[in-house]
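Okay, target-v9.csv now, which holds CSV, C-alpha atoms:
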chain,number,residue,atom,x,y,z
A,503,MET,CA,44.1,7.2,2.0
A,504,LEU,CA,43.7,3.4,1.9
A,505,GLN,CA,40.3,3.8,0.2
A,506,GLU,CA,41.9,5.8,-2.6
A,507,LYS,CA,44.7,3.2,-3.1
A,508,VAL,CA,42.1,0.4,-3.3
A,509,GLU,CA,39.9,2.4,-5.8
A,510,LYS,CA,42.9,2.9,-8.1
A,511,LEU,CA,43.9,-0.8,-7.9
A,512,LEU,CA,40.3,-1.8,-8.6
A,513,GLU,CA,40.2,0.5,-11.7
A,514,GLU,CA,43.3,-1.3,-13.0
A,515,ALA,CA,41.8,-4.7,-12.3
A,516,PHE,CA,38.6,-3.8,-14.2
A,517,LYS,CA,40.7,-2.5,-17.1
A,518,GLU,CA,42.3,-5.9,-17.3
A,519,ASN,CA,38.9,-7.6,-17.3
A,520,ASN,CA,36.4,-5.1,-18.6
A,521,SER,CA,33.4,-7.4,-18.2
A,522,LEU,CA,33.7,-6.9,-14.4
A,523,PHE,CA,32.5,-3.8,-12.5
A,524,LEU,CA,32.3,-2.5,-9.0
A,525,ILE,CA,29.1,-2.7,-7.0
A,526,SER,CA,30.4,-1.5,-3.7
A,527,LEU,CA,33.6,-0.8,-1.8
A,528,GLU,CA,33.7,-0.4,1.9
A,529,VAL,CA,36.9,0.4,4.0
A,530,THR,CA,36.3,0.5,7.7
A,531,GLU,CA,38.3,2.4,10.3
A,532,ASN,CA,40.3,-0.8,11.2
A,533,ASN,CA,41.2,-1.3,7.6
A,534,GLN,CA,38.7,-4.1,6.7
A,535,ILE,CA,38.3,-3.9,3.0
A,536,LYS,CA,35.0,-5.3,1.5
A,537,VAL,CA,34.6,-5.3,-2.3
A,538,ILE,CA,31.5,-6.5,-4.1
A,539,ILE,CA,31.8,-7.0,-7.8
A,540,ASP,CA,29.5,-8.1,-10.7
A,541,GLY,CA,30.2,-9.0,-14.3
A,542,ASP,CA,28.4,-8.8,-17.6
A,543,LYS,CA,28.7,-12.5,-17.9
A,544,GLY,CA,28.5,-13.3,-14.2
A,545,VAL,CA,31.4,-13.6,-11.7
A,546,SER,CA,33.5,-16.7,-11.2
A,547,VAL,CA,35.6,-17.6,-8.2
A,548,ASN,CA,38.7,-17.0,-10.4
A,549,ASP,CA,37.4,-13.5,-11.1
A,550,CYS,CA,37.2,-12.8,-7.4
A,551,ILE,CA,40.7,-14.3,-6.9
A,552,GLU,CA,42.2,-12.1,-9.6
A,553,VAL,CA,40.7,-8.9,-8.2
A,554,SER,CA,41.7,-9.9,-4.7
A,555,ARG,CA,45.3,-10.5,-5.8
A,556,LYS,CA,45.5,-7.2,-7.8
A,557,VAL,CA,44.6,-5.3,-4.6
A,558,GLU,CA,46.4,-7.4,-2.0
A,559,HIS,CA,49.7,-7.7,-3.9
A,560,ASN,CA,49.9,-4.0,-4.4
A,561,LEU,CA,49.3,-2.9,-0.9
A,562,ASP,CA,52.0,-3.0,1.8
A,563,ARG,CA,51.0,-4.7,5.0
A,564,GLU,CA,54.1,-3.2,6.7
A,565,GLU,CA,52.7,0.2,5.9
A,566,GLU,CA,49.1,-0.5,6.9
A,567,ASP,CA,47.7,-3.8,8.1
A,568,PHE,CA,44.4,-4.8,6.4
A,569,SER,CA,41.9,-7.6,5.8
A,570,LEU,CA,40.4,-8.0,2.3
A,571,GLU,CA,37.2,-9.7,1.2
A,572,VAL,CA,36.2,-9.8,-2.5
A,573,SER,CA,32.8,-11.3,-3.4
A,574,SER,CA,30.2,-11.3,-6.1
A,575,ALA,CA,26.8,-9.7,-5.8
A,576,GLY,CA,24.5,-12.4,-4.5
A,577,VAL,CA,21.2,-13.5,-6.1
A,578,SER,CA,19.4,-12.0,-3.1
A,579,GLU,CA,21.0,-8.6,-3.5
A,580,PRO,CA,19.0,-5.8,-5.1
A,581,LEU,CA,20.1,-4.4,-8.5
A,582,SER,CA,21.8,-1.0,-8.1
A,583,LEU,CA,23.5,0.0,-11.4
A,584,PRO,CA,22.1,0.4,-14.9
A,585,ARG,CA,24.7,-2.1,-16.1
A,586,GLN,CA,23.2,-4.8,-13.8
A,587,TYR,CA,19.7,-4.2,-15.2
A,588,LYS,CA,21.1,-4.4,-18.8
A,589,LYS,CA,22.7,-7.8,-18.1
A,590,ASN,CA,19.3,-9.1,-16.7
A,591,VAL,CA,17.1,-8.1,-19.7
A,592,GLY,CA,14.8,-11.1,-20.3
A,593,ARG,CA,14.7,-12.1,-16.7
A,594,LYS,CA,11.8,-11.7,-14.2
A,595,LEU,CA,12.2,-9.0,-11.6
A,596,LYS,CA,10.3,-7.9,-8.5
A,597,VAL,CA,10.3,-4.1,-8.7
A,598,THR,CA,9.2,-2.0,-5.8
A,599,THR,CA,8.4,1.7,-6.3
A,600,GLU,CA,6.8,4.2,-3.9
A,601,ASP,CA,3.4,3.3,-5.3
A,602,GLN,CA,3.5,-0.3,-6.3
A,603,LYS,CA,5.2,-3.7,-6.4
A,604,ILE,CA,5.4,-5.3,-9.9
A,605,GLU,CA,6.6,-8.8,-10.8
A,606,ALA,CA,7.4,-8.6,-14.5
A,607,THR,CA,9.9,-9.5,-17.2
A,608,LEU,CA,12.6,-6.9,-17.8
A,609,THR,CA,12.3,-6.1,-21.5
A,610,GLY,CA,14.8,-3.2,-21.7
A,611,ALA,CA,17.2,-1.0,-19.8
A,612,ASP,CA,19.2,2.1,-20.6
A,613,GLU,CA,21.0,4.7,-18.5
A,614,GLU,CA,17.9,6.3,-17.2
A,615,LYS,CA,15.0,3.8,-17.1
A,616,ILE,CA,13.8,0.2,-17.4
A,617,SER,CA,11.0,-1.3,-19.4
A,618,LEU,CA,8.8,-4.1,-17.9
A,619,SER,CA,6.2,-6.4,-19.3
A,620,TRP,CA,3.7,-8.7,-17.5
A,621,LYS,CA,0.3,-10.3,-17.8
A,622,THR,CA,-2.6,-9.7,-15.4
A,623,ARG,CA,-6.2,-10.8,-14.9
A,624,GLU,CA,-8.7,-7.9,-15.0
A,625,PRO,CA,-12.5,-7.7,-15.0
A,626,LYS,CA,-14.0,-7.8,-18.5
A,627,PRO,CA,-15.2,-4.4,-19.8
A,628,VAL,CA,-18.6,-6.0,-20.6
A,629,GLY,CA,-20.1,-8.9,-18.8
A,630,LYS,CA,-18.9,-11.1,-16.0
A,631,GLY,CA,-15.6,-12.7,-15.5
A,632,LYS,CA,-12.0,-11.8,-16.1
A,633,HIS,CA,-9.6,-11.8,-19.0
A,634,THR,CA,-5.8,-11.7,-19.4
A,635,VAL,CA,-4.3,-8.3,-20.3
A,636,GLN,CA,-0.7,-7.6,-21.3
A,637,LYS,CA,0.7,-4.6,-19.3
A,638,GLU,CA,3.8,-2.6,-19.9
A,639,ALA,CA,5.6,0.0,-17.8
A,640,VAL,CA,8.6,2.3,-18.2
A,641,ILE,CA,10.1,3.2,-14.8
A,642,PRO,CA,13.0,5.6,-14.2
A,643,TYR,CA,15.7,4.4,-11.9
A,644,THR,CA,14.9,7.4,-9.6
A,645,ASP,CA,11.5,5.9,-8.9
A,646,ILE,CA,12.8,2.4,-8.0
A,647,VAL,CA,13.0,1.7,-4.3
A,648,GLU,CA,14.3,-1.9,-4.8
A,649,ALA,CA,14.6,-4.4,-7.7
A,650,LYS,CA,15.6,-8.0,-7.4
A,651,VAL,CA,15.9,-10.8,-9.9
A,652,MET,CA,13.4,-13.5,-9.2
A,653,ILE,CA,14.8,-17.0,-9.1
A,654,THR,CA,12.5,-19.7,-10.4
A,655,PHE,CA,13.0,-23.4,-10.1
Using structure tokens, write down the structure that the file contains.
Amino acid sequence: MLQEKVEKLLEEAFKENNSLFLISLEVTENNQIKVIIDGDKGVSVNDCIEVSRKVEHNLDREEEDFSLEVSSAGVSEPLSLPRQYKKNVGRKLKVTTEDQKIEATLTGADEEKISLSWKTREPKPVGKGKHTVQKEAVIPYTDIVEAKVMITF
């Protein structure tokens, strides 16, 4: 019952700020509520505070005691929703599928798949040595085991 209330309050919060969206919601048996959000333009501390207030101020502690944690998806967290992929077009990803691991630039994303582009060194078709080849791949979300944004310094 608490989970349903929180889901409705989060929907209202995301209607008020439609650049934000839910990554995960967990409500434990002892009413610990953990909310992870992301945003099309990132998530600020104030965004987390606003979502937290929306939930906390509309739940009654007299009725059910609870603890609430609202946080943003961290840089080390894998991407899980098409919306997250779309906001990261142009960034370098490390994508793991059943068959391979690819480090590539995310060149496109829609509701079913992502497009990747990268350069690799391969043996020349004739003669000795290697040459650089541009590779591209289209991978359905269903084939992705894990995908993370690679942070470069």
Quick one, how far is atom CA of Phe568 of chain A from atom CA of Ala515 of chain A?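 Computing it gives 18.9 Å between the two atoms.
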Proximity check segment 538-558 of chain A to segment 521-533 of chain A, 8 Å, nearest pairs one decimal Å, all atoms listed in the file, as CSV:
residue,atom,partner,partner_atom,distance
A:Ile538,CA,A:Ser526,CA,5.1
A:Ile539,CA,A:Leu524,CA,4.7
A:Asp540,CA,A:Phe523,CA,5.5
A:Gly541,CA,A:Leu522,CA,4.1
A:Asp542,CA,A:Ser521,CA,5.2
A:Lys543,CA,A:Ser521,CA,6.9
A:Val545,CA,A:Leu522,CA,7.6
Could you give me, as number ranges by chain, the residues within 12 Å of Lys650 of chain A, counting only C-alpha atoms and dropping anything in the same chain fewer than 2 positions from it? A: 575-583, 586-587, 590, 593-598, 603-608, 646-648, 652-653
Show me, as a CSV table (one decimal) with C-alpha atoms, in the frame of the given file, the residues that have an atom within 12 Å of Glu565 of chain A when counting only C-alpha atoms, minus same-chain residues fewer than 4 positions from it.
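File produced: part-v7.csv:
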chain,number,residue,atom,x,y,z
A,503,MET,CA,44.1,7.2,2.0
A,504,LEU,CA,43.7,3.4,1.9
A,533,ASN,CA,41.2,-1.3,7.6
A,560,ASN,CA,49.9,-4.0,-4.4
A,561,LEU,CA,49.3,-2.9,-0.9
Atom CA of Leu618 of chain A and atom CA of Glu638 of chain A are how many Å apart? 5.6 Å
Which one is closest to Glu600 of chain A: A:Val508, A:Asp645, A:Lys556, A:Val537? Count all atoms listed in the file.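 Checking each of A:Val508, A:Asp645, A:Lys556, A:Val537 against Glu600 of chain A, counting all atoms listed in the file, the winner is A:Asp645.
Using all atoms listed in the file for every distance, the candidate list A:Ser554, A:Ser574, A:Thr644, A:Gln636 yields A:Thr644 as the residue closest to Ile616 of chain A.
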I need the residue nearest Leu570 of chain A from this list: A:Val591, A:Ile535, A:Val547, A:Val553. Use all atoms listed in the file for the distance.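 Closest residue, counting all atoms listed in the file: A:Ile535.
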What separation in Å, quoted to one decimal, exists between atom CA of Lys615 of chain A and atom CA of Pro584 of chain A?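 Taking atom CA of Lys615 of chain A and atom CA of Pro584 of chain A, their separation equals 8.2 Å.
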Nearest residue to Ser546 of chain A out of A:Thr622, A:Ser573, A:Ser617, A:Gln534, using all atoms listed in the file?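 Residue with the minimum atom-to-atom distance to Ser546 of chain A: A:Ser573.
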Contacts of Lys621 of chain A within 7 Å, all atoms listed in the file, excl. fewer than 2 positions in-chain, as a PDB file with C-alpha atoms, keeping the file's coordinate frame:
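Saved as around_30.pdb:
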ATOM      1  CA  THR A 634      -5.800 -11.700 -19.400  1.00  0.00           C
ATOM      2  CA  VAL A 635      -4.300  -8.300 -20.300  1.00  0.00           C
ATOM      3  CA  GLN A 636      -0.700  -7.600 -21.300  1.00  0.00           C
ATOM      4  CA  LYS A 637       0.700  -4.600 -19.300  1.00  0.00           C
TER       5      LYS A 637
END
